[in-house]
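Okay, so here's the structure we're looking at.
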Amino acid sequence: MSGTKVLLFLQSLSRRKPLEPEGEVSNFRRCLTTLDLVALGVGSTLGAGVYVLSGEVARTVAGPSIIISFLIAAVASIFAGLCYAEFGARVPKTGSAYLYSYVTVGEIWAFITGWNLLLSYVIGTSSVARAWSGTFDDLIGNVIANSLGKQAVMNLPGLAPYPDFFAAGLIMLLAGILAFGVKESAIVNKVFTAINILVLLFVILSGFIKGDINNWYTDEDIPQRAYQNHTFLNETSQRGTGGFFPYGFEGTLAGAATCFYAFVGFDCIATTGEEVQNPQKSIPLGIVASLLICFLAYFGVSAALTLMMPYYLLSVNSPLPLAFTYIGWGPAKYAVAVGSLCALSTSLLGSMFPMPRVLFAMARDGLLFEPLSKMSSRQSPVFATLASGIVAAVMALLFDLKALVDMMSTGTLFAYTLVAICVLILRYQPELSEDMSIGKTEPFTVGGVFYPPSQATPRTSENVSILTVAIVLIAVILSIIISQGIDSLQALQWWSLLCASVFVLILLIIVLLIWRQPQSTAKAAFMVPFVPWLPTFSTLINVYLMVQLGSDTWIRYTVWMGVGLTIYFCYGVQHSVQKQRMENSQNRVSFQTIATTLG
């Protein structure tokens with residue numbers, strides 16, 4: 001009996017939420033347009049990194065070929081973006097990757113995804129607020145750091161050097177704006193995003209006016225002399241040579257891995273499903289358009305920067321002000337400072353905007369505490385907004401966030417991976433009919449995998465689910481082989497090439513087997529092309545980047561997940577709204593059966 005209870009409990013963890021759940025009514029105000037979503041995506045993605053990242057990657061990793069790095073990173077990001085876009089069209093509800101997981105792979109995976117998203121948004125909000133505070137402090141002569149650094153020193157491990165009251169206050173100010181209403185928040189975001197775009201256009205035009213194409217084709221010995229003559233440069237970094245690829249194509253690929261994180265942020269669009277006037281069209285269009293605009297901005301700024309001055313003279317910390325000084329346009333650094341603050345403001349709003357909506361969605365489903373699902377009279381999730389703002393403000397106030405930023409990457413990449421997997425599973429699910437629901441499950445056969453029927457059935461759907469799990473396992477193994485054996489692969493050692501080739505071949509065979517299975521006939525306003533190839537490639541990229549993260553990050557991540565799973569098993573399992581729906585449905589069926597028997 002106990003074994004049966006354990007089995008039923010495990011099955012309950014994989015219960016899925018229907019697309020149109022019974023009794024669930026949206027109380028959000030549908031007021032956002034496609035332009036609002038594009039501005040939200042661009043503002044969230046095109047943060048202060050565009051003012052710093054281009055110089056750092058060009059100077060230390062890629063050289064002028066950074067524009068190729070951004071192109072590769074943009075292509076990889078658009079794969080994840082397309083997966084989000086299809087779900088945005090199919091499931092136009094609040095919750096982003098959390099909800100997509102709930103309707104596709106089940107409750108436990110949905111909670112893990114939502115908990116990961118909350119991790120990313122909290123750390124992202126706190127770190128951007130501290131960056132805003134630091135940038136503003138630099139402009140006013142480090143008054144904040146000097147005063148608080150003397151009066152309120154915190155010499156404890158894991159804590160910041162001093163409490164950043166400015167960053168905490170900024171978060172609470174924006175939390176108040178978000179709690180007031182989504183339309184007002186969207187207007188503020190559009191203003192700051194427009195200023196940011198104008199400053200970036202000024203930077204790009206300046207680069208093409210004052211740039212010198214010869215900076216992309218320097219002689220090999222010139223950078224070496226520059227390293228000797230300019231002692232202010234980072235002498236510990238790898239020294240590039242001349243030409244467009246001074247660090248080789250390996251440097252360009254390494255730069256692409258770093259640049260991939262510059263495109264993180266578009267997923268905040270997916271949390272607006274119940275606040276958009278036409279979500280089936282606006283969400284896919286908003287995601288794709290914002291990623292395209294961000295790519296053009298990153299591409300243009302990095303090209304302008306490396307045209308204005310040679311890559312080996314760029315500053316790692318503040319490349320654009322130094323570049324303008326180099327070409328004799330020193331006062332332009334003030335325009336860069338304004339743009340940087342606007343970019344940080346939109347990035348902060350972009351991090352804070354989706355956080356309460358994921359909290360709200362999880363609380364509405366009973367997986368987190370019910371008060372977080374309360375709405376204000378202005379149709380805004382006010383309790384979730386203020387609660388998430390307080391947590392982020394405390395973190396920005398007290399903690400040293402540099403060690404936690406990699407955890408943000410873990411949460412985001414996990415969500416990207418699960419969304420890609422969900423697209424694969426959803427596209428091969430059959431249209432449930434009465435015959436299928438009462439019929440027995442077909443037995444597994446090897447022939448059924450190689451020669452499937454022409455229409456999707458529960459058996460073919462289950463086969464795809466099993467093959468998808470195999471894809472994830474192979475992606476993990478392949479990523480470990482590539483990351484740990486990169487030197488052996490570059491040296492063309494036969495054993496490393498053989499291992500990598502075998503697992504690549506297995507991966508290709510699995511994808512071909514999925515490709516042979518019949519897809520669902522259900523259509524959506526937007527559908528990911530090249531299924532199953534594109535979601536598989538997106539999964540491989542995300543898993544590879546997760547494998548690159550350090551052991552300390554994974555230890556902290558394990559602690560965070562331990563806290564989350566404790567909440568789920570102590571509270572969420574018992575209060576799950578979907579559990580109550582299923583129990584009510586079974587009770588109705590039992591009552592109808594008794595009534596039929598008595599009749």
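All residue names refer to the structure tokens as shown: chains lettered A, B, ... in order, residues numbered from 1 in each chain, ligands numbered from 1 in order.
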Next on the checklist: Which residues are close to stretch 138-149 of chain A, i.e. within 12 Å by only C-alpha atoms, leaving aside same-chain residues fewer than 4 positions away? Reply as number ranges by chain.
Outcome noted: A: 130-134, 153-155, 160-167, 318, 333-334, 336-338, 340-341, 397
Checklist entry - Got a sec to tell me which of stretch 316-551 of chain A DSSP assigns to helix (DSSP H, G or I), as number ranges by chain? => result A: 319-326, 332-352, 354-364, 370-373, 382-398, 402-427, 434-438, 446-450, 458-484, 486-490, 494-516, 533-547, 551
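Around A:Asn214, within 12 Å and counting only C-alpha atoms, the residues found are Pro64, Thr218, Asp219, Gly242, Gly243, Phe244, Thr306, Leu307, Met308, Met309, Pro310 and Tyr311 of chain A, once anything fewer than 4 positions away on its own chain is removed.
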Next on the checklist: Just to confirm, what's the straight-line distance from atom CA of A:Pro92 to atom CA of A:Arg30 in Å (one decimal)?
Outcome noted: 11.7 Å
Item to check | Among the residues A:Ile567, A:Ile471, A:Ile466, A:Ile78, the one that comes closest to A:Leu508 [using only C-alpha atoms] | outcome: A:Ile471
Checklist outcome for this item: Nearest to A:Ile269, restricted to only C-alpha atoms and choosing among A:Ala524, A:Leu492, A:Val42, A:Leu200, comes out as A:Val42
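As for atom CA of A:Gly106 and atom CA of A:Ser351, they are spaced 26.1 Å apart.
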Which polymer residues have any atom within 10 Å of an atom of A:Ala97, counting only C-alpha atoms, with same-chain residues fewer than 6 positions away left out, as a compact mmCIF listing (two decimals) with N, CA and C atoms, in the first residue's frame?
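Output file part-v4.txt follows:
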```txt
# COMPACT_ATOMS: atom_id res chain seq x y z
N TYR A 84 10.66 30.91 -27.21
CA TYR A 84 9.78 31.72 -26.37
C TYR A 84 8.62 32.30 -27.19
N PHE A 87 5.75 29.78 -27.72
CA PHE A 87 4.94 29.60 -26.52
C PHE A 87 4.13 30.84 -26.20
N GLY A 88 4.70 32.03 -26.49
CA GLY A 88 3.94 33.26 -26.29
C GLY A 88 2.68 33.29 -27.14
N ALA A 110 7.85 22.87 -13.47
CA ALA A 110 7.37 24.26 -13.53
C ALA A 110 7.85 25.05 -12.31
N THR A 113 11.53 25.75 -12.61
CA THR A 113 11.76 26.82 -13.59
C THR A 113 11.41 28.19 -13.00
N GLY A 114 10.24 28.28 -12.36
CA GLY A 114 9.84 29.54 -11.75
C GLY A 114 10.81 30.00 -10.68
N ASN A 116 13.97 29.28 -10.53
CA ASN A 116 15.16 29.73 -11.25
C ASN A 116 14.98 31.14 -11.80
N LEU A 117 13.80 31.41 -12.35
CA LEU A 117 13.53 32.74 -12.89
C LEU A 117 13.59 33.79 -11.79
N ASP A 267 13.29 37.72 -22.43
CA ASP A 267 12.25 36.84 -21.89
C ASP A 267 11.25 37.58 -21.02
N CYS A 268 11.58 38.82 -20.60
CA CYS A 268 10.61 39.58 -19.80
C CYS A 268 9.34 39.86 -20.61
N ALA A 270 7.77 37.75 -22.38
CA ALA A 270 6.90 36.58 -22.28
C ALA A 270 6.02 36.60 -21.03
N THR A 271 6.35 37.47 -20.05
CA THR A 271 5.54 37.53 -18.82
C THR A 271 4.34 38.44 -18.97
N VAL A 358 5.92 36.53 -12.35
CA VAL A 358 6.20 35.12 -12.11
C VAL A 358 5.75 34.73 -10.70
N THR A 412 18.86 31.70 -15.74
CA THR A 412 18.39 32.08 -17.07
C THR A 412 18.61 30.96 -18.08
N PHE A 414 18.96 27.78 -17.52
CA PHE A 414 18.08 26.65 -17.22
C PHE A 414 16.70 26.89 -17.82
N ALA A 415 16.20 28.12 -17.66
CA ALA A 415 14.88 28.44 -18.22
C ALA A 415 14.90 28.34 -19.74
N TYR A 416 15.94 28.87 -20.39
CA TYR A 416 16.06 28.77 -21.85
C TYR A 416 16.05 27.31 -22.29
N THR A 417 16.80 26.48 -21.57
CA THR A 417 16.89 25.06 -21.94
C THR A 417 15.53 24.38 -21.84
N LEU A 418 14.83 24.63 -20.74
CA LEU A 418 13.55 23.96 -20.54
C LEU A 418 12.50 24.42 -21.55
N VAL A 419 12.55 25.70 -21.94
CA VAL A 419 11.60 26.19 -22.95
C VAL A 419 11.86 25.49 -24.29
N ALA A 420 13.14 25.33 -24.67
CA ALA A 420 13.47 24.64 -25.92
C ALA A 420 12.99 23.18 -25.86
N CYS A 422 10.52 22.06 -24.02
CA CYS A 422 9.06 22.09 -24.04
C CYS A 422 8.50 22.26 -25.46
```
Checklist entry - In terms of the shortest atom-to-atom distance over only C-alpha atoms, which of A:Pro529, A:Pro246, A:Pro381, A:Gly158 is closest to A:Pro354? => result A:Pro381
